[in-house]
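Novice: Dropping the structure in here first, questions after.
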Amino acid sequence: MFLTCLTMPLQASKPLKPWNKGAFETQTYRNVFVEMGYKPEAVDAKLDAIFNDLFYGSNKIYFEAADTMAYISDIKNHDVRTEGMSYGLMIAVQFDKKEMFDRLWRWGKKYMQHQEGPMKGYFAWSCKTDGTRNAFGPASDGELYYVTALIFASNRWGNDTGINYLAEAQNILNCSQEKTGEFGVVPLIHPKHNLITFVPMGRAADFTDPSYHVPAFYEVWARWADDGRADYWRECAAKSRVYLHKSIHPVTGLNPDYNNYDGTLLNSGRIIGDAFRFDSWRVPMNIALDYSWVNVDKKWQQAYANKIQKFLYSKGLYTFVDQYNVDGTDVKEILEAGEHKALRHSLGLVATSAAVSIAAKNKMSREFVDQLWNAKHEPYEDGYFDAYYDGLLRLFAFMHLSGRYQIIFPAK
């Protein structure tokens, strides 16, 4: 998958210099690739090629349905997930693809969103590609991305072109905040801890997932959700940052897939939960986003970026694997991906560990970015290929590092 003969940029190998102000203040974004010497036109072409491969290529994950709908499929798991659907909405609005956005929203609203009952407003997290629900409960990260993408769509395209994007975002938020615990269904944000739930129902609401913590999104809600909860969303953003300080290992920079609201391990004894595995890969990317957009926790975030890159680098830049215990020791059990079970040098983690270079200040960061630039999205040595998760994280990382993952302010 990865090239050993690298196409190196022109700049000398010196530490990248993270910016000290966020885009909410400056409305400007770093193009780290160009800083490193890559040509602007080559960066644009690379980003467009990655987008086109993922949405229109031979291994695409985007499929149009009927005349007005579309879905994104996790190919290896043979389903449609709110994770991918909401990621698709965010990508579509970032790339100004209104038709794509509207198609994805219509499919998700028709087949995934509960329109009545105890889970009204929430989305069934997994469906078959024909819309039949595999599960009825939500996964909170889907709603997190849905709301933010809808607000951005409102800001970019307005609300009078067939879909009232802002009203749809407000409906999700209002339905969530109205949950009282009846039938075990609670708000997305745990009312006691003001932190996002893993699942807002039953025992799964008693813990959280570090990769669901995207405090920058709450900053978007505070400014433009227009739901009367601006101060509350800012408080959620602040508490989410404090939570991440507690959740992430102070030496390795690794976090578990799930943990308690106080940042401690669940100690559930299950294979998924206490170790750094697939969900965990997203945390570096999320922290990079908060650094780029908000920049109010820069000292800690810079230290975090250095720690996780230092740990992965110590395992070999081209050999670090995708699952570890949070203290950096090897896992005893391997969590399978789809129908495959193996430790591998996964493109998804290569991507997110490069994205956090936005906050890093070390000489290693350039090598992480170069590795991502040269990495190819193709089958691994054992034939395993992840079009969906590896592909999406790769695209998001390129968006981050090229300055193309942006706050969409209201049209003037």
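For the structure tokens, the naming scheme is as follows: chains receive sequential letters (A, B, ...) according to their order of presentation, residues are indexed from 1 within each chain, and ligands are indexed from 1 in presentation order.
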Write out as a list of chain:residue names which residues come within 8 Å of Met69 (chain A) when counting only C-alpha atoms, dropping same-chain ones fewer than 6 positions away.
Specialist: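 Once the adjacent positions are removed, what remains is A:Asp102, A:Arg103, A:Leu104, A:Trp105, A:Arg106, A:Trp107.
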Novice: Please dump the current selection as a PDB file, in the first residue's frame; keep N, CA and C atoms.
Specialist:
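The resulting selection-v1.pdb:
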ATOM      1  N   ASP A 102     -28.238  16.904  -0.779  1.00  0.00           N
ATOM      2  CA  ASP A 102     -29.689  16.725  -0.696  1.00  0.00           C
ATOM      3  C   ASP A 102     -30.083  15.274  -0.886  1.00  0.00           C
ATOM      4  N   ARG A 103     -29.409  14.592  -1.799  1.00  0.00           N
ATOM      5  CA  ARG A 103     -29.699  13.173  -2.008  1.00  0.00           C
ATOM      6  C   ARG A 103     -29.412  12.366  -0.740  1.00  0.00           C
ATOM      7  N   LEU A 104     -28.281  12.591  -0.123  1.00  0.00           N
ATOM      8  CA  LEU A 104     -27.924  11.862   1.096  1.00  0.00           C
ATOM      9  C   LEU A 104     -28.894  12.185   2.225  1.00  0.00           C
ATOM     10  N   TRP A 105     -29.265  13.452   2.346  1.00  0.00           N
ATOM     11  CA  TRP A 105     -30.188  13.832   3.417  1.00  0.00           C
ATOM     12  C   TRP A 105     -31.548  13.158   3.229  1.00  0.00           C
ATOM     13  N   ARG A 106     -32.047  13.144   1.997  1.00  0.00           N
ATOM     14  CA  ARG A 106     -33.358  12.544   1.763  1.00  0.00           C
ATOM     15  C   ARG A 106     -33.357  11.050   2.109  1.00  0.00           C
ATOM     16  N   TRP A 107     -32.293  10.341   1.724  1.00  0.00           N
ATOM     17  CA  TRP A 107     -32.226   8.904   2.034  1.00  0.00           C
ATOM     18  C   TRP A 107     -32.172   8.692   3.544  1.00  0.00           C
TER      19      TRP A 107
END
Novice: Return as a Markdown table the residues of region 42-84 of chain A lying at most 12 Å from region 325-339 of chain A, together with the closest atom-to-atom pair for each and the distance in Å to one decimal, counting only C-alpha atoms, with rows in chain order and ascending residue number.
Specialist:
| residue | atom | partner | partner_atom | distance |
| --- | --- | --- | --- | --- |
| A:Asp74 | CA | A:Gly338 | CA | 9.5 |
| A:Ile75 | CA | A:Gly338 | CA | 9.0 |
| A:Lys76 | CA | A:Gly338 | CA | 5.3 |
| A:Asn77 | CA | A:Gly338 | CA | 5.4 |
| A:His78 | CA | A:Gly338 | CA | 8.9 |
| A:Asp79 | CA | A:Gly338 | CA | 11.0 |
Novice: Measure the distance from CA of Tyr389 (chain A) to CA of Gly84 (chain A) in Å and round it to one decimal.
Specialist: 8.3 Å
Novice: Determine which residues of region 224-401 of chain A DSSP labels as alpha helix (DSSP H) from the backbone of this structure, then write them out as a ChimeraX atom specification.
Specialist: /A:224,230-247,282-293,298-314,347-355,364-374,389-401
Novice: Which residues, written as a PyMOL selection string, have at least one atom at most 6 Å from Tyr218 (chain A), with only C-alpha atoms counted and residues fewer than 2 positions away on the same chain left out?
Specialist: chain A and resi 215-216+220-221+233+237
Novice: CA of Ser176 (chain A) and CA of Tyr122 (chain A) are how many Å apart?
Specialist: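 Those two atoms sit 7.4 Å apart.
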Novice: Got a sec: who's within 10 Å of Leu395 (chain A), counting only C-alpha atoms, leaving out chain neighbours fewer than 2 positions off, as number ranges by chain?
Specialist: A: 47-51, 54, 91, 348, 351-352, 389-393, 397-400
Novice: Take the residues just selected and output them with C-alpha atoms as a CSV table (one decimal), in the first residue's frame.
Specialist:
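Output saved as again-v1.csv:
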chain,number,residue,atom,x,y,z
A,47,LEU,CA,-7.5,16.3,-3.3
A,48,ASP,CA,-9.9,16.3,-6.3
A,49,ALA,CA,-8.6,12.8,-7.3
A,50,ILE,CA,-9.2,11.4,-3.8
A,51,PHE,CA,-12.7,12.8,-3.7
A,54,LEU,CA,-14.2,7.8,-3.3
A,91,ILE,CA,-17.9,16.4,2.7
A,348,GLY,CA,-6.9,5.4,8.2
A,351,ALA,CA,-4.2,9.7,7.6
A,352,THR,CA,-5.3,11.0,11.0
A,389,TYR,CA,-13.3,3.9,6.6
A,390,ASP,CA,-9.8,4.2,5.2
A,391,GLY,CA,-11.1,6.2,2.3
A,392,LEU,CA,-13.1,8.6,4.3
A,393,LEU,CA,-10.3,9.3,6.9
A,397,ALA,CA,-7.0,14.3,6.4
A,398,PHE,CA,-6.2,15.8,3.0
A,399,MET,CA,-9.0,18.3,3.5
A,400,HIS,CA,-7.4,19.3,6.9
